[in-house]
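For reference, the structure is listed below as structure tokens.
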Amino acid sequence: MSYQVGLDLGSAGTKVATEWGVTTINRRGRDAPAGEIARVLDDLAAWHGEAPSRVAMTHSLSRPHEYLEQLRQDLIEEGRADVLFVPAPHAAAIAFDADGRMPEHSTVAVFDFGATAADITLLRKQGVFLLAGRPERVDIGGFDLDDLVVEHVVAKIGMRGPELLQSCVEAKELLGSYPEVRIPVMSNEVREVRLSRLEFEAIIRPSVELAVAALERVVRSAGLCQPDVILLVGGSARIPLVVEEISARLSIPALRAPDGAAATGAFLEARQLEPEPAGEPEVWLPVPREEAEPKRRTPTTPFIAAGLFVLVIGGGWAAHDAMNQQKVETTSVQLAPPGTAVLPHF
């Protein structure tokens with residue numbers, strides 16, 4: 001059973017896409033990317049009973065060529081020389097195109113608002129996805145928004161702790177669906193801090209505006225290659241304020257990509273490059289013609305054949321004698337001596 005794998009290594013976790021779906025694996029410690037990839041693939045091999053036949057992983061377009069070459073060398077040392085590199089925005093566009101079937105020559109702006117940065121890339125579909133402008137990166141991400149929420153809550157209660165930090169991160173994620181979140185505070189007495197969505201948006205608005213301004217610059221610099229759709233990728237892109245800011249600045253429809261879209265696109269690339277299995281050779285047999293039913297023939301046994309042979313030989317002798325003898329008027333009929341029948345050898 002061969003299978004393919006798409007990997008998207010994020011700062012907080014690794015998205016793993018296979019034909020069975022997308023899963024998230026939390027980062028274990030501070031492993032280097034090559035070591036993390038090796039661990040994930042080892043776990044998959046143990047789970048499925050064999051290693052994947054092909055692996056593709058995403059990478060940011062901002063990564064220098066030297067970084068990718070070093071990563072490839074590290075993967076070779078880990079015994080993973082066959083890993084395919086796919087740019088993350090291209091992978092997200094490939095996954096989107098697999099569901100949406102973008103028309104040829106259409107353009108998509110990939111707005112990847114992740115944990116550490118916002119990457120904006122304009123891609124044009126021409127058989128494959130090609131860069132249609134200069135990508136831009138803003139060093140503002142989900143971790144920065146987490147810090148803003150933490151500082152706001154700490155300023156309210158005058159204390160901080162690891163539990164409070166984790167609660168603030170979870171509150172930020174819940175505010176995308178709820179108008180208000182109550183954050184518990186563990187102290188001498190149990191308390192809670194209320195954080196509304198309006199309050200949250202006021203805290204993060206300057207950062208979101210910087211990221212959306214970069215998207216606006218990329219779109220304006222595209223000239224005639226204006227995007228037909230803006231694809232929102234990453235956890236921070238799910239914040240309602242992000243969509244509101246994009247709609248206010250750009251009259252272009254914005255769609256949220258499913259969770260793990262980049263990993264899914266990498267998986268689709270790996271599957272596309274997998275050679276087709278050789279099928280069994282086909283043998284063509286002609287269809288037999290329908291023939292008229294043959295006439296029934298009386299089976300011929302050796303004894304019947306011998307009898308027929310005797311009659312034939314006897315008739316030949318009779319004809320021979322009749323030709324050599326003179327014609328004599330007589331009232332009797334002279335019969336030729338019988339011939340010798342030869343039975344077939346068995």
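Each chain in the structure tokens gets a letter, A, B and so on, in the order shown; residues start at 1 in every chain, and ligands are counted from 1 in the order they appear.
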
Name all residues at most 10 Å from Arg80 in chain A (count only C-alpha atoms; drop same-chain ones fewer than 5 positions away) and give them as a PyMOL selection string. chain A and resi 34+37-38+41+55+72-75

Any chance you can output those residues with N, CA and C atoms as a JSON list (two decimals), in the first residue's frame?
```
[["chain", "number", "residue", "atom", "x", "y", "z"],
["A", 34, "ALA", "N", 14.87, 19.36, 9.86],
["A", 34, "ALA", "CA", 15.14, 18.02, 9.32],
["A", 34, "ALA", "C", 14.84, 16.94, 10.35],
["A", 37, "ILE", "N", 11.05, 16.54, 10.61],
["A", 37, "ILE", "CA", 10.51, 15.80, 9.46],
["A", 37, "ILE", "C", 10.80, 14.31, 9.62],
["A", 38, "ALA", "N", 12.01, 13.97, 10.03],
["A", 38, "ALA", "CA", 12.36, 12.56, 10.22],
["A", 38, "ALA", "C", 11.48, 11.91, 11.28],
["A", 41, "LEU", "N", 7.92, 11.32, 9.81],
["A", 41, "LEU", "CA", 7.90, 10.23, 8.83],
["A", 41, "LEU", "C", 8.11, 8.88, 9.51],
["A", 55, "VAL", "N", 7.30, 12.25, -0.46],
["A", 55, "VAL", "CA", 7.06, 13.26, 0.56],
["A", 55, "VAL", "C", 7.33, 14.63, -0.05],
["A", 72, "ARG", "N", 18.22, 20.66, 2.72],
["A", 72, "ARG", "CA", 18.30, 19.44, 1.89],
["A", 72, "ARG", "C", 19.46, 18.54, 2.35],
["A", 73, "GLN", "N", 20.59, 19.15, 2.67],
["A", 73, "GLN", "CA", 21.73, 18.36, 3.14],
["A", 73, "GLN", "C", 21.41, 17.70, 4.48],
["A", 74, "ASP", "N", 20.73, 18.43, 5.37],
["A", 74, "ASP", "CA", 20.35, 17.84, 6.66],
["A", 74, "ASP", "C", 19.37, 16.67, 6.48],
["A", 75, "LEU", "N", 18.48, 16.80, 5.51],
["A", 75, "LEU", "CA", 17.53, 15.71, 5.24],
["A", 75, "LEU", "C", 18.25, 14.48, 4.69]]
```

Write out as number ranges by chain each polymer residue whose atoms come within 12 Å of Pro135 in chain A, counting only C-alpha atoms; drop sequence neighbours fewer than 3 positions from it. A: 60-62, 89, 109-112, 118-123, 130-132, 138, 214-219, 221-222

Do you have, as JSON lines, the list of residues of range 1-64 of chain A lying at most 12 Å from range 235-243 of chain A, each with its nearest atom pair and that distance in Å to one decimal, counting only C-alpha atoms and ordered by chain then number?
```
{"residue": "A:Gly10", "atom": "CA", "partner": "A:Gly235", "partner_atom": "CA", "distance": 10.7}
{"residue": "A:Ser11", "atom": "CA", "partner": "A:Gly235", "partner_atom": "CA", "distance": 11.6}
{"residue": "A:Ala12", "atom": "CA", "partner": "A:Gly235", "partner_atom": "CA", "distance": 10.7}
{"residue": "A:Gly13", "atom": "CA", "partner": "A:Gly235", "partner_atom": "CA", "distance": 11.6}
```

Find the spatial neighbours of Asp8 in chain A, counting only C-alpha atoms, within a cut-off of 6 Å - ignore same-chain residues fewer than 6 positions away - and output them as a ChimeraX atom specification. /A:14-15,57-58,263

Those same residues, written as a short mmCIF file (atom, residue, chain, number, x, y, z; two decimals), in the first residue's frame with C-alpha atoms?
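Everything below was put into out30.cif:
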```
data_model
loop_
_atom_site.label_atom_id
_atom_site.label_comp_id
_atom_site.auth_asym_id
_atom_site.auth_seq_id
_atom_site.Cartn_x
_atom_site.Cartn_y
_atom_site.Cartn_z
CA THR A 14 3.32 20.57 11.85
CA LYS A 15 0.41 19.92 9.51
CA MET A 57 7.05 19.83 2.26
CA THR A 58 6.34 23.54 2.06
CA ALA A 263 -0.06 20.75 3.60
#
```

Can you check which residues of range 67-275 of chain A DSSP gives as helix (DSSP H, G or I) on the backbone and send them as a PyMOL selection string? chain A and resi 67-77+88-100+142-157+162-174+197-221+236-238+240-249+261-272

Would you output that residue set with C-alpha atoms, as a CSV table (one decimal), in the first residue's frame?
```
chain,number,residue,atom,x,y,z
A,67,TYR,CA,18.8,27.8,3.8
A,68,LEU,CA,17.0,25.4,1.5
A,69,GLU,CA,20.3,23.8,0.4
A,70,GLN,CA,21.4,23.3,4.0
A,71,LEU,CA,18.0,21.8,4.8
A,72,ARG,CA,18.3,19.4,1.9
A,73,GLN,CA,21.7,18.4,3.1
A,74,ASP,CA,20.3,17.8,6.7
A,75,LEU,CA,17.5,15.7,5.2
A,76,ILE,CA,20.1,13.6,3.3
A,77,GLU,CA,21.9,13.0,6.6
A,88,ALA,CA,3.9,27.5,0.7
A,89,PRO,CA,1.7,30.0,-1.3
A,90,HIS,CA,1.8,27.7,-4.4
A,91,ALA,CA,0.8,24.8,-2.2
A,92,ALA,CA,-2.2,26.7,-0.8
A,93,ALA,CA,-3.2,27.8,-4.3
A,94,ILE,CA,-3.0,24.2,-5.6
A,95,ALA,CA,-5.3,23.0,-2.8
A,96,PHE,CA,-7.7,25.8,-3.6
A,97,ASP,CA,-7.7,25.1,-7.3
A,98,ALA,CA,-8.4,21.4,-6.7
A,99,ASP,CA,-11.7,22.4,-5.1
A,100,GLY,CA,-12.6,25.6,-6.9
A,142,GLY,CA,-0.2,35.4,15.7
A,143,PHE,CA,2.5,35.3,18.4
A,144,ASP,CA,2.6,39.1,18.4
A,145,LEU,CA,-1.2,39.3,18.8
A,146,ASP,CA,-0.9,36.9,21.7
A,147,ASP,CA,1.6,39.2,23.4
A,148,LEU,CA,-0.8,42.2,22.9
A,149,VAL,CA,-3.6,40.3,24.6
A,150,VAL,CA,-1.4,39.1,27.5
A,151,GLU,CA,-0.1,42.6,28.2
A,152,HIS,CA,-3.6,44.0,28.1
A,153,VAL,CA,-4.9,41.4,30.7
A,154,VAL,CA,-1.8,41.7,32.9
A,155,ALA,CA,-2.3,45.5,33.0
A,156,LYS,CA,-5.8,44.9,34.3
A,157,ILE,CA,-4.9,42.4,37.1
A,162,PRO,CA,2.2,30.5,32.6
A,163,GLU,CA,-1.4,29.5,33.1
A,164,LEU,CA,-2.5,33.1,32.4
A,165,LEU,CA,-0.5,33.2,29.2
A,166,GLN,CA,-2.1,30.0,27.9
A,167,SER,CA,-5.5,31.3,28.8
A,168,CYS,CA,-4.9,34.5,26.8
A,169,VAL,CA,-3.9,32.5,23.7
A,170,GLU,CA,-7.1,30.4,23.9
A,171,ALA,CA,-9.2,33.5,24.5
A,172,LYS,CA,-7.8,35.1,21.3
A,173,GLU,CA,-8.8,32.0,19.3
A,174,LEU,CA,-12.3,31.9,20.9
A,197,ARG,CA,-14.4,41.1,20.8
A,198,LEU,CA,-14.6,44.8,20.5
A,199,GLU,CA,-11.9,45.3,23.1
A,200,PHE,CA,-9.8,42.6,21.5
A,201,GLU,CA,-10.1,44.3,18.0
A,202,ALA,CA,-9.1,47.6,19.5
A,203,ILE,CA,-5.9,46.0,20.9
A,204,ILE,CA,-4.8,44.3,17.6
A,205,ARG,CA,-6.2,46.8,15.0
A,206,PRO,CA,-2.9,48.6,14.4
A,207,SER,CA,-1.1,45.3,13.7
A,208,VAL,CA,-3.8,44.0,11.4
A,209,GLU,CA,-3.8,47.3,9.5
A,210,LEU,CA,-0.1,46.9,8.8
A,211,ALA,CA,-0.6,43.5,7.4
A,212,VAL,CA,-3.6,44.4,5.2
A,213,ALA,CA,-1.7,47.5,4.0
A,214,ALA,CA,1.0,45.2,2.6
A,215,LEU,CA,-1.7,43.2,0.8
A,216,GLU,CA,-3.0,46.4,-0.7
A,217,ARG,CA,0.5,47.3,-2.0
A,218,VAL,CA,1.0,43.9,-3.6
A,219,VAL,CA,-2.4,44.1,-5.4
A,220,ARG,CA,-1.8,47.7,-6.6
A,221,SER,CA,1.6,46.8,-7.9
A,236,SER,CA,-4.6,34.7,12.4
A,237,ALA,CA,-6.4,35.1,9.0
A,238,ARG,CA,-9.5,33.6,10.7
A,240,PRO,CA,-13.0,38.6,11.8
A,241,LEU,CA,-11.3,41.9,11.9
A,242,VAL,CA,-8.9,40.7,9.1
A,243,VAL,CA,-11.7,40.1,6.7
A,244,GLU,CA,-13.4,43.4,7.6
A,245,GLU,CA,-10.2,45.3,6.9
A,246,ILE,CA,-9.7,43.6,3.6
A,247,SER,CA,-13.2,44.2,2.5
A,248,ALA,CA,-13.0,47.9,3.5
A,249,ARG,CA,-9.7,48.5,1.5
A,261,ALA,CA,-4.5,24.0,3.0
A,262,ALA,CA,-0.7,24.3,2.4
A,263,ALA,CA,-0.1,20.8,3.6
A,264,THR,CA,-2.9,19.5,1.4
A,265,GLY,CA,-1.4,21.3,-1.6
A,266,ALA,CA,2.0,19.7,-0.9
A,267,PHE,CA,0.3,16.3,-0.7
A,268,LEU,CA,-1.4,16.8,-4.1
A,269,GLU,CA,2.0,17.7,-5.6
A,270,ALA,CA,3.5,14.5,-4.2
A,271,ARG,CA,0.6,12.4,-5.5
A,272,GLN,CA,0.9,14.0,-8.9
```

May I ask which of the residues A:Arg160, A:Val229, A:Leu9, A:Gly49 is the closest one to Pro87 in chain A, counting only C-alpha atoms?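 Comparing A:Arg160, A:Val229, A:Leu9, A:Gly49 against Pro87 in chain A, the winner is A:Leu9.
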
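Nearest to Gly35 in chain A of all the residues A:Tyr3, A:Glu78, A:Glu50, A:Phe113 is A:Glu78, counting only C-alpha atoms.
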
For the structure I just gave you, how does DSSP split range 4-198 of chain A - specifically, which residues are strand (DSSP E or B)? Reply as an MDAnalysis selection string. chainID A and resid 4:9 13:18 21:26 54:59 83:87 107:113 118:126 128:131 136:138 180:185 191:196

Using only C-alpha atoms, which residues sit within 7 Å of Val16 in chain A once same-chain residues fewer than 3 positions away are excluded, as a PyMOL selection string? chain A and resi 5-8+22-24+263

What separation in Å, quoted to one decimal, exists between CA of Glu104 in chain A and CA of Leu273 in chain A? 21.3 Å
